[in-house]
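The structure file input-v1.txt is reproduced below (compact mmCIF, C-alpha atoms).
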```
# COMPACT_ATOMS: atom_id res chain seq x y z
CA MET A 20 141.36 94.09 151.68
CA ALA A 21 138.76 95.84 149.44
CA PRO A 22 135.08 95.19 150.11
CA GLU A 23 133.26 93.01 147.58
CA LYS A 24 131.23 94.89 145.02
CA HIS A 25 127.73 93.63 144.36
CA PRO A 26 125.53 94.70 141.49
CA LEU A 27 122.68 97.08 142.29
CA SER A 28 120.07 94.37 141.64
CA ASP A 29 121.66 92.10 144.29
CA ARG A 30 121.73 94.92 146.85
CA LEU A 31 118.06 95.77 146.18
CA LEU A 32 116.99 92.14 146.42
CA SER A 33 118.84 91.66 149.71
CA ARG A 34 117.05 94.70 151.16
CA LEU A 35 113.66 93.40 150.01
CA LYS A 36 114.18 89.91 151.45
CA ASN A 37 113.43 91.12 154.95
CA ARG A 38 110.54 93.34 153.89
CA ARG A 39 107.73 91.04 152.87
CA VAL A 40 105.12 93.81 152.62
CA VAL A 41 107.19 95.68 150.04
CA ALA A 42 107.81 92.48 148.08
CA TYR A 43 104.08 91.66 148.08
CA LEU A 44 103.26 95.18 146.89
CA VAL A 45 105.75 94.86 144.02
CA VAL A 46 104.25 91.53 142.95
CA LEU A 47 100.69 92.86 143.32
CA SER A 48 101.55 95.95 141.24
CA ALA A 49 103.01 93.82 138.46
CA ALA A 50 99.92 91.59 138.47
CA LEU A 51 97.55 94.57 138.33
CA ALA A 52 99.49 96.16 135.47
CA GLY A 53 99.31 92.88 133.54
CA MET A 54 95.56 92.56 134.15
CA ALA A 55 94.96 96.18 133.06
CA ASN A 56 96.88 95.59 129.84
CA PHE A 57 94.95 92.36 129.23
CA GLY A 58 91.66 94.16 129.93
CA GLU A 59 92.50 96.88 127.44
CA SER A 60 93.28 94.25 124.82
CA ILE A 61 89.94 92.55 125.43
CA VAL A 62 88.08 95.87 125.07
CA ARG A 63 89.86 96.61 121.77
CA LEU A 64 89.13 93.13 120.48
CA SER A 65 85.45 93.37 121.40
CA ARG A 66 85.12 96.76 119.66
CA PHE A 67 86.86 95.32 116.61
CA VAL A 68 84.50 92.32 116.48
CA SER A 69 81.34 94.35 117.16
CA ALA A 70 82.24 96.89 114.46
CA SER A 71 82.75 94.01 112.03
CA LEU A 72 79.48 92.31 112.91
CA GLU A 73 77.25 95.36 112.89
CA THR A 74 78.50 96.73 109.58
CA GLY A 75 79.43 93.51 107.76
CA VAL A 76 82.84 94.88 106.86
CA VAL A 77 86.17 93.17 106.35
CA PRO A 78 88.39 94.14 109.31
CA VAL A 79 92.12 94.65 108.76
CA VAL A 80 95.05 95.04 111.09
CA LEU A 81 97.84 97.35 109.96
CA PRO A 82 101.34 96.85 111.30
CA LYS A 83 102.12 99.77 113.61
CA ASP A 84 98.49 100.80 112.99
CA THR A 85 99.12 103.47 110.36
CA GLY A 86 99.72 104.25 106.71
CA TRP A 87 98.39 106.51 103.92
CA ILE A 88 96.00 105.61 101.12
CA PHE A 89 95.09 107.63 98.05
CA ALA A 90 91.33 108.33 98.21
CA GLY A 91 90.91 110.08 94.84
CA TYR A 92 91.06 113.46 93.08
CA PHE A 93 88.46 115.99 94.24
CA ASP A 94 87.44 119.11 92.28
CA ASP A 95 86.65 121.86 94.81
CA ARG A 96 84.80 124.04 92.30
CA LEU A 97 82.44 121.28 91.18
CA ALA A 98 82.39 119.50 94.57
CA ILE A 99 82.85 116.09 92.90
CA TYR A 100 85.55 113.48 92.57
CA THR A 101 87.16 113.46 89.14
CA GLU A 102 88.84 110.15 90.03
CA GLY A 103 87.53 107.96 92.81
CA PRO A 104 86.45 108.05 95.53
CA TYR A 105 87.88 104.66 96.39
CA PHE A 106 85.97 104.46 99.67
CA SER A 107 82.54 104.75 101.23
CA VAL A 108 81.80 105.96 104.73
CA VAL A 109 80.56 103.10 106.89
CA ARG A 110 80.21 104.97 110.17
CA SER A 111 80.69 108.62 111.07
CA PRO A 112 80.68 110.52 114.37
CA TYR A 113 79.47 113.61 112.49
CA PRO A 114 75.77 114.48 112.10
CA SER A 115 76.06 115.58 108.47
CA GLN A 116 77.56 113.80 105.48
CA ASP A 117 80.53 115.17 103.56
CA LYS A 118 82.18 114.08 100.32
CA LEU A 119 85.64 114.28 101.88
CA PRO A 120 86.64 111.83 104.62
CA ARG A 121 86.93 113.18 108.17
CA GLN A 122 88.93 112.13 111.19
CA GLY A 123 87.24 109.37 113.18
CA GLU A 124 85.11 108.00 110.34
CA LEU A 125 85.19 104.36 109.34
CA LEU A 126 85.81 103.85 105.63
CA ARG A 127 85.22 100.77 103.50
CA ILE A 128 87.53 100.35 100.53
CA THR A 129 85.48 100.17 97.32
CA ASN A 130 86.20 99.70 93.61
CA LYS A 131 89.91 98.97 93.81
CA GLU A 132 92.48 97.78 96.36
CA ARG A 133 94.58 100.54 97.93
CA ASN A 134 98.34 100.53 98.48
CA ILE A 135 99.56 101.54 101.92
CA ILE A 136 102.09 104.34 101.46
CA ILE A 137 104.61 105.77 103.92
CA ALA A 138 107.13 108.32 102.62
CA ASP A 139 110.64 106.82 102.25
CA PHE A 140 109.46 103.59 103.89
CA GLU A 141 112.19 101.47 102.32
CA THR A 142 115.03 103.59 103.69
CA LYS A 143 113.56 105.29 106.78
CA GLY A 144 110.93 102.81 107.95
CA LEU A 145 108.12 104.41 109.94
CA THR A 146 109.91 107.67 110.75
CA ARG A 147 107.84 109.62 108.19
CA ARG A 148 104.52 107.85 108.84
CA PHE A 149 102.78 111.15 109.63
CA ASP A 150 104.02 112.96 106.49
CA PRO A 151 101.40 113.05 103.69
CA PRO A 152 102.79 111.44 100.51
CA TRP A 153 101.64 114.29 98.23
CA GLN A 154 104.22 116.60 99.87
CA GLN A 155 106.97 114.74 97.98
CA ASN A 156 105.47 115.73 94.59
CA GLU A 157 105.88 112.19 93.26
CA LEU A 158 105.68 108.69 94.69
CA LYS A 159 108.79 106.54 94.54
CA SER A 160 108.96 102.77 94.73
CA SER A 161 110.58 103.17 98.17
CA ASP A 162 107.33 104.74 99.48
CA TYR A 163 105.27 101.57 99.00
CA THR A 164 105.07 99.38 102.11
CA GLY A 165 104.09 96.28 100.15
CA LEU A 166 100.75 96.17 101.99
CA LYS A 167 97.44 96.56 100.18
CA LEU A 168 93.95 97.03 101.53
CA PRO A 169 91.58 94.73 99.65
CA VAL A 170 88.16 95.82 98.43
CA GLY A 171 85.82 95.60 101.41
CA ALA A 172 88.50 96.32 104.03
CA THR A 173 87.47 98.76 106.73
CA VAL A 174 89.80 101.32 108.26
CA GLU A 175 89.51 104.33 110.55
CA VAL A 176 90.48 107.81 109.37
CA ARG A 177 93.30 109.24 111.48
CA ASP A 178 94.24 112.24 109.29
CA VAL A 179 93.23 113.75 105.95
CA SER A 180 95.63 115.76 103.81
CA MET A 181 95.10 117.35 100.41
CA GLY A 182 97.38 118.94 97.88
CA ALA A 183 97.08 120.18 94.32
CA TYR A 184 98.75 122.15 91.59
CA PRO A 185 96.96 125.40 90.60
CA ASP A 186 93.72 124.84 88.63
CA ARG A 187 93.90 121.06 89.13
CA PRO A 188 91.78 118.69 91.24
CA VAL A 189 92.96 118.10 94.79
CA ALA A 190 94.71 114.81 95.61
CA VAL A 191 93.00 113.45 98.74
CA TRP A 192 95.24 111.34 100.99
CA VAL A 193 93.97 109.62 104.13
CA ARG A 194 96.11 108.31 106.97
CA VAL A 195 94.31 105.23 108.20
CA GLY A 196 94.51 102.80 111.06
CA SER A 197 92.73 99.73 112.33
CA PRO A 198 89.18 100.44 113.55
CA ARG A 199 88.88 101.04 117.28
```
Any chance you could put this one into structure tokens?
Amino acid sequence: MAPEKHPLSDRLLSRLKNRRVVAYLVVLSAALAGMANFGESIVRLSRFVSASLETGVVPVVLPKDTGWIFAGYFDDRLAIYTEGPYFSVVRSPYPSQDKLPRQGELLRITNKERNIIIADFETKGLTRRFDPPWQQNELKSSDYTGLKLPVGATVEVRDVSMGAYPDRPVAVWVRVGSPR
């Protein structure tokens, strides 16, 4: 007669039944991991609320916390925007100001709502979320996520990417996320 086969989970549980210390350690570890995750969520929420209160901005939450917005056309030779900018810097970790957005800055959307763009979003989802839209040469309807940042929304700069044709202003694209 062949011995009965038990699933691995049953064999592990039967071994742990007689070892209370190990079982208590497993339960304690799970509880600590849950509390740490909860604590991290509370810290993020408090930063989000404090950033909103101290600057008077409109906070936004982006699904999967990323997407690209068009910030404007910038002329390097004249050091001015020929179109835009569609943002203002609310808070910056840098000591000096710059006309171009920089990683880590908080931006407030001004003038006009901004579409959230992810290359090939309709067909490939978030797989190309780190690819700047200007690298495709033209935006397609499948690049639009359907999300828009309203005027007054505040986002954090995650990446900045620029591209231009020769002797033309630079298209400034900013990958944004929810403020931390």
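Candidate residues A:Gly171, A:Pro151, A:Pro114, A:Pro104 were compared for distance to Val193 of chain A, and the nearest is A:Pro151, using all atoms listed in the file.
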- request: Find the residues near Ile135 of chain A: any atom within 7 Å, counting only C-alpha atoms, skip ones fewer than 3 places away on the same chain, and give them as a list in words.
  value: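 What passes the distance filter is Gly86, Trp87, Ile88, Tyr163, Thr164, Leu166 and Lys167 of chain A.
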Can I get the selection written as a PDB file, in the frame of the given file, with C-alpha atoms?
```pdb
ATOM      1  CA  GLY A  86      99.720 104.250 106.710  1.00  0.00           C
ATOM      2  CA  TRP A  87      98.390 106.510 103.920  1.00  0.00           C
ATOM      3  CA  ILE A  88      96.000 105.610 101.120  1.00  0.00           C
ATOM      4  CA  TYR A 163     105.270 101.570  99.000  1.00  0.00           C
ATOM      5  CA  THR A 164     105.070  99.380 102.110  1.00  0.00           C
ATOM      6  CA  LEU A 166     100.750  96.170 101.990  1.00  0.00           C
ATOM      7  CA  LYS A 167      97.440  96.560 100.180  1.00  0.00           C
TER       8      LYS A 167
END
```
Neighbouring residues of Asp150 of chain A were defined as those with any atom within 12 Å, considering all atoms listed in the file; residues of the same chain fewer than 3 positions away were excluded. Please report them as a list in words.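 Counting only the stated atoms, we get Thr85, Gly86, Trp87, Ile136, Ile137, Ala138, Asp139, Phe140, Leu145, Thr146, Arg147, Trp153, Gln154, Gln155, Asp162, Asp178, Val179, Ser180, Met181, Trp192, Val193 and Arg194 of chain A.
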In terms of all atoms listed in the file, the residue from A:Ala42, A:Met54, A:Ile61, A:Val189 at minimal distance from Ala98 of chain A is A:Val189
Using all atoms listed in the file, the residue out of A:Ala55, A:Ile128, A:Ala49, A:Val170 with shortest distance to Gly91 of chain A is A:Ile128
key: For atom CA of Glu102 of chain A and atom CA of Glu141 of chain A, the interatomic separation in Å (one decimal)   =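 Going from atom CA of Glu102 of chain A over to atom CA of Glu141 of chain A covers 27.8 Å.
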Counting only C-alpha atoms, which residues have an atom no more than 12 Å from (84.4, 112.6, 107.5) in the file's coordinates? Please list them as a ChimeraX atom specification.
/A:106-126,175-179,193
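Here atom CA of Pro152 of chain A is placed at a distance of 8.9 Å from atom CA of Phe89 of chain A.
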Between atom CA of Gly182 of chain A and atom CA of Tyr105 of chain A - distance in Å to one decimal:
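Computed distance, atom CA of Tyr105 of chain A to atom CA of Gly182 of chain A, equals 17.2 Å.
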Nearest to Lys131 of chain A: which of A:Arg30, A:Arg96, A:Ala90, A:Lys159 is it, counting only C-alpha atoms?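 Checking each of A:Arg30, A:Arg96, A:Ala90, A:Lys159 against Lys131 of chain A, counting only C-alpha atoms, the winner is A:Ala90.
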